[in-house]
Amino acid sequence: MSSLYSLNAYQADIIDDLSSYFRSGNAKEVAKNFASTIELIIVDEEDVYSKAQGEQILKDFFTKHPPVKASIFHKINTNPNYRFGVILLNTSKENFRVSVTMKKFNNSFQITELRIEAAKE
């Protein structure tokens, strides 16, 4: 029973985990949750990338915009096969709104779309 509970608890808190990875600028940990292909929308650039390409692009983003703070703005975790979260990311230069769309594949949630856009003040 405890293993089933912990798996569900982990999956429910995946947006919390992602928020902490964004706060620390850890592209590698974020990318571990990418689906095999991911739609990345970063500011004005949009394309579909492989997991490895997506990690590199996110790493470049964190290099250009070192994170200072991340907080969860919104979270949808009521659907058993879908997760959605919005993380407000403060960087040393500007603030961003990060939208994460996740779908369930083989009992774990994977990011299918990651959108990083300038926060509307």
# chains A, B, ... in the order shown; residues from 1 in each chain; ligands from 1

$ select_by_dssp --residues "chain A" --states "helix (DSSP H, G or I)" --output "JSON, numbers by chain"
{"A": [2, 3, 4, 5, 6, 7, 8, 9, 10, 11, 12, 14, 15, 16, 17, 18, 19, 20, 21, 22, 23, 24, 27, 28, 29, 30, 31, 51, 52, 53, 54, 55, 56, 57, 58, 59, 60, 61, 62, 63, 64]}

$ residues_around --residues "stretch 89-106 of chain A" --least-positions-apart "3" --cutoff "7 Å" --atoms "only C-alpha atoms" --output "list in words"
His65, Pro66, Pro67, Val68, Lys69, Ala70, Ser71, Asn81, Tyr82, Arg83, Phe84, Gly85, Val86, Phe109, Gln110, Ile111, Thr112, Glu113, Leu114, Arg115, Ile116, Glu117, Ala118 and Ala119 of chain A

$ closest_residue --among "A:Phe73, A:Pro80, A:Lys28, A:Ala35" --to "A:Leu58" --atoms "only C-alpha atoms"
A:Lys28

$ select_by_dssp --residues "chain A" --states "strand (DSSP E)" --output "MDAnalysis selection string"
chainID A and resid 34:42 45:50 67:76 82:91 95:105 108:118

$ closest_residue --among "A:Ser24, A:Lys75, A:Ser108, A:Ala31" --to "A:Gln53" --atoms "only C-alpha atoms"
A:Ala31

$ atom_distance --atom1 "atom CA of A:Ala27" --atom2 "atom CA of A:Asn77"
22.8 Å

$ decode --residues "stretch 87-99 of chain A" --atoms "all heavy atoms" --output "PDB file, in the first residue's frame"
ATOM      1  N   ILE A  87       4.242  28.116 -13.621  1.00  0.00           N
ATOM      2  CA  ILE A  87       5.273  28.509 -12.667  1.00  0.00           C
ATOM      3  C   ILE A  87       5.708  29.926 -13.020  1.00  0.00           C
ATOM      4  O   ILE A  87       5.980  30.222 -14.185  1.00  0.00           O
ATOM      5  CB  ILE A  87       6.479  27.546 -12.741  1.00  0.00           C
ATOM      6  CG1 ILE A  87       6.031  26.120 -12.381  1.00  0.00           C
ATOM      7  CG2 ILE A  87       7.621  28.022 -11.850  1.00  0.00           C
ATOM      8  CD1 ILE A  87       7.016  25.033 -12.763  1.00  0.00           C
ATOM      9  N   LEU A  88       5.732  30.796 -12.011  1.00  0.00           N
ATOM     10  CA  LEU A  88       6.247  32.143 -12.228  1.00  0.00           C
ATOM     11  C   LEU A  88       7.739  32.096 -11.920  1.00  0.00           C
ATOM     12  O   LEU A  88       8.141  31.712 -10.823  1.00  0.00           O
ATOM     13  CB  LEU A  88       5.533  33.139 -11.320  1.00  0.00           C
ATOM     14  CG  LEU A  88       4.019  33.229 -11.555  1.00  0.00           C
ATOM     15  CD1 LEU A  88       3.395  34.225 -10.592  1.00  0.00           C
ATOM     16  CD2 LEU A  88       3.698  33.597 -12.994  1.00  0.00           C
ATOM     17  N   LEU A  89       8.535  32.449 -12.920  1.00  0.00           N
ATOM     18  CA  LEU A  89       9.989  32.365 -12.807  1.00  0.00           C
ATOM     19  C   LEU A  89      10.590  33.761 -12.824  1.00  0.00           C
ATOM     20  O   LEU A  89      10.425  34.498 -13.793  1.00  0.00           O
ATOM     21  CB  LEU A  89      10.549  31.537 -13.977  1.00  0.00           C
ATOM     22  CG  LEU A  89      12.055  31.324 -14.005  1.00  0.00           C
ATOM     23  CD1 LEU A  89      12.501  30.439 -12.842  1.00  0.00           C
ATOM     24  CD2 LEU A  89      12.468  30.684 -15.319  1.00  0.00           C
ATOM     25  N   ASN A  90      11.259  34.113 -11.734  1.00  0.00           N
ATOM     26  CA  ASN A  90      11.958  35.392 -11.663  1.00  0.00           C
ATOM     27  C   ASN A  90      13.427  35.119 -11.961  1.00  0.00           C
ATOM     28  O   ASN A  90      14.024  34.245 -11.343  1.00  0.00           O
ATOM     29  CB  ASN A  90      11.841  36.013 -10.268  1.00  0.00           C
ATOM     30  CG  ASN A  90      10.393  36.194  -9.860  1.00  0.00           C
ATOM     31  OD1 ASN A  90       9.836  35.357  -9.170  1.00  0.00           O
ATOM     32  ND2 ASN A  90       9.788  37.261 -10.295  1.00  0.00           N
ATOM     33  N   THR A  91      13.982  35.852 -12.929  1.00  0.00           N
ATOM     34  CA  THR A  91      15.401  35.704 -13.244  1.00  0.00           C
ATOM     35  C   THR A  91      16.095  37.021 -12.930  1.00  0.00           C
ATOM     36  O   THR A  91      15.442  38.007 -12.594  1.00  0.00           O
ATOM     37  CB  THR A  91      15.621  35.331 -14.730  1.00  0.00           C
ATOM     38  OG1 THR A  91      15.313  36.449 -15.554  1.00  0.00           O
ATOM     39  CG2 THR A  91      14.768  34.135 -15.145  1.00  0.00           C
ATOM     40  N   SER A  92      17.399  37.015 -13.054  1.00  0.00           N
ATOM     41  CA  SER A  92      18.157  38.218 -12.716  1.00  0.00           C
ATOM     42  C   SER A  92      17.802  39.392 -13.639  1.00  0.00           C
ATOM     43  O   SER A  92      17.952  40.540 -13.258  1.00  0.00           O
ATOM     44  CB  SER A  92      19.654  37.935 -12.772  1.00  0.00           C
ATOM     45  OG  SER A  92      19.994  37.428 -14.046  1.00  0.00           O
ATOM     46  N   LYS A  93      17.305  39.088 -14.850  1.00  0.00           N
ATOM     47  CA  LYS A  93      16.987  40.155 -15.813  1.00  0.00           C
ATOM     48  C   LYS A  93      15.499  40.455 -15.912  1.00  0.00           C
ATOM     49  O   LYS A  93      15.108  41.607 -15.965  1.00  0.00           O
ATOM     50  CB  LYS A  93      17.507  39.777 -17.197  1.00  0.00           C
ATOM     51  CG  LYS A  93      19.008  39.653 -17.262  1.00  0.00           C
ATOM     52  CD  LYS A  93      19.445  39.186 -18.627  1.00  0.00           C
ATOM     53  CE  LYS A  93      20.933  38.929 -18.649  1.00  0.00           C
ATOM     54  NZ  LYS A  93      21.331  38.057 -19.736  1.00  0.00           N
ATOM     55  N   GLU A  94      14.693  39.413 -16.029  1.00  0.00           N
ATOM     56  CA  GLU A  94      13.260  39.632 -16.219  1.00  0.00           C
ATOM     57  C   GLU A  94      12.458  38.475 -15.646  1.00  0.00           C
ATOM     58  O   GLU A  94      13.025  37.484 -15.206  1.00  0.00           O
ATOM     59  CB  GLU A  94      12.933  39.850 -17.700  1.00  0.00           C
ATOM     60  CG  GLU A  94      13.422  38.753 -18.618  1.00  0.00           C
ATOM     61  CD  GLU A  94      13.319  39.148 -20.082  1.00  0.00           C
ATOM     62  OE1 GLU A  94      12.217  39.459 -20.540  1.00  0.00           O
ATOM     63  OE2 GLU A  94      14.352  39.128 -20.766  1.00  0.00           O
ATOM     64  N   ASN A  95      11.146  38.604 -15.679  1.00  0.00           N
ATOM     65  CA  ASN A  95      10.270  37.582 -15.132  1.00  0.00           C
ATOM     66  C   ASN A  95       9.555  36.841 -16.261  1.00  0.00           C
ATOM     67  O   ASN A  95       9.215  37.436 -17.274  1.00  0.00           O
ATOM     68  CB  ASN A  95       9.257  38.203 -14.176  1.00  0.00           C
ATOM     69  CG  ASN A  95       9.957  38.879 -13.016  1.00  0.00           C
ATOM     70  OD1 ASN A  95      11.027  38.465 -12.605  1.00  0.00           O
ATOM     71  ND2 ASN A  95       9.350  39.920 -12.487  1.00  0.00           N
ATOM     72  N   PHE A  96       9.341  35.550 -16.042  1.00  0.00           N
ATOM     73  CA  PHE A  96       8.721  34.701 -17.047  1.00  0.00           C
ATOM     74  C   PHE A  96       7.580  33.903 -16.446  1.00  0.00           C
ATOM     75  O   PHE A  96       7.542  33.648 -15.248  1.00  0.00           O
ATOM     76  CB  PHE A  96       9.749  33.720 -17.633  1.00  0.00           C
ATOM     77  CG  PHE A  96      10.846  34.397 -18.397  1.00  0.00           C
ATOM     78  CD1 PHE A  96      12.030  34.755 -17.778  1.00  0.00           C
ATOM     79  CD2 PHE A  96      10.689  34.693 -19.743  1.00  0.00           C
ATOM     80  CE1 PHE A  96      13.038  35.406 -18.479  1.00  0.00           C
ATOM     81  CE2 PHE A  96      11.687  35.335 -20.460  1.00  0.00           C
ATOM     82  CZ  PHE A  96      12.859  35.692 -19.825  1.00  0.00           C
ATOM     83  N   ARG A  97       6.688  33.520 -17.332  1.00  0.00           N
ATOM     84  CA  ARG A  97       5.584  32.632 -16.976  1.00  0.00           C
ATOM     85  C   ARG A  97       5.867  31.322 -17.708  1.00  0.00           C
ATOM     86  O   ARG A  97       5.986  31.303 -18.937  1.00  0.00           O
ATOM     87  CB  ARG A  97       4.287  33.286 -17.461  1.00  0.00           C
ATOM     88  CG  ARG A  97       3.048  32.474 -17.253  1.00  0.00           C
ATOM     89  CD  ARG A  97       1.888  33.212 -17.938  1.00  0.00           C
ATOM     90  NE  ARG A  97       0.754  32.333 -18.020  1.00  0.00           N
ATOM     91  CZ  ARG A  97      -0.295  32.392 -17.205  1.00  0.00           C
ATOM     92  NH1 ARG A  97      -0.350  33.318 -16.287  1.00  0.00           N
ATOM     93  NH2 ARG A  97      -1.287  31.548 -17.324  1.00  0.00           N
ATOM     94  N   VAL A  98       5.984  30.242 -16.963  1.00  0.00           N
ATOM     95  CA  VAL A  98       6.308  28.936 -17.522  1.00  0.00           C
ATOM     96  C   VAL A  98       5.065  28.051 -17.439  1.00  0.00           C
ATOM     97  O   VAL A  98       4.555  27.813 -16.345  1.00  0.00           O
ATOM     98  CB  VAL A  98       7.469  28.273 -16.740  1.00  0.00           C
ATOM     99  CG1 VAL A  98       7.808  26.913 -17.332  1.00  0.00           C
ATOM    100  CG2 VAL A  98       8.692  29.178 -16.712  1.00  0.00           C
ATOM    101  N   SER A  99       4.562  27.603 -18.583  1.00  0.00           N
ATOM    102  CA  SER A  99       3.407  26.704 -18.612  1.00  0.00           C
ATOM    103  C   SER A  99       3.899  25.311 -18.980  1.00  0.00           C
ATOM    104  O   SER A  99       4.619  25.140 -19.964  1.00  0.00           O
ATOM    105  CB  SER A  99       2.387  27.151 -19.655  1.00  0.00           C
ATOM    106  OG  SER A  99       2.027  28.490 -19.428  1.00  0.00           O
TER     107      SER A  99
END
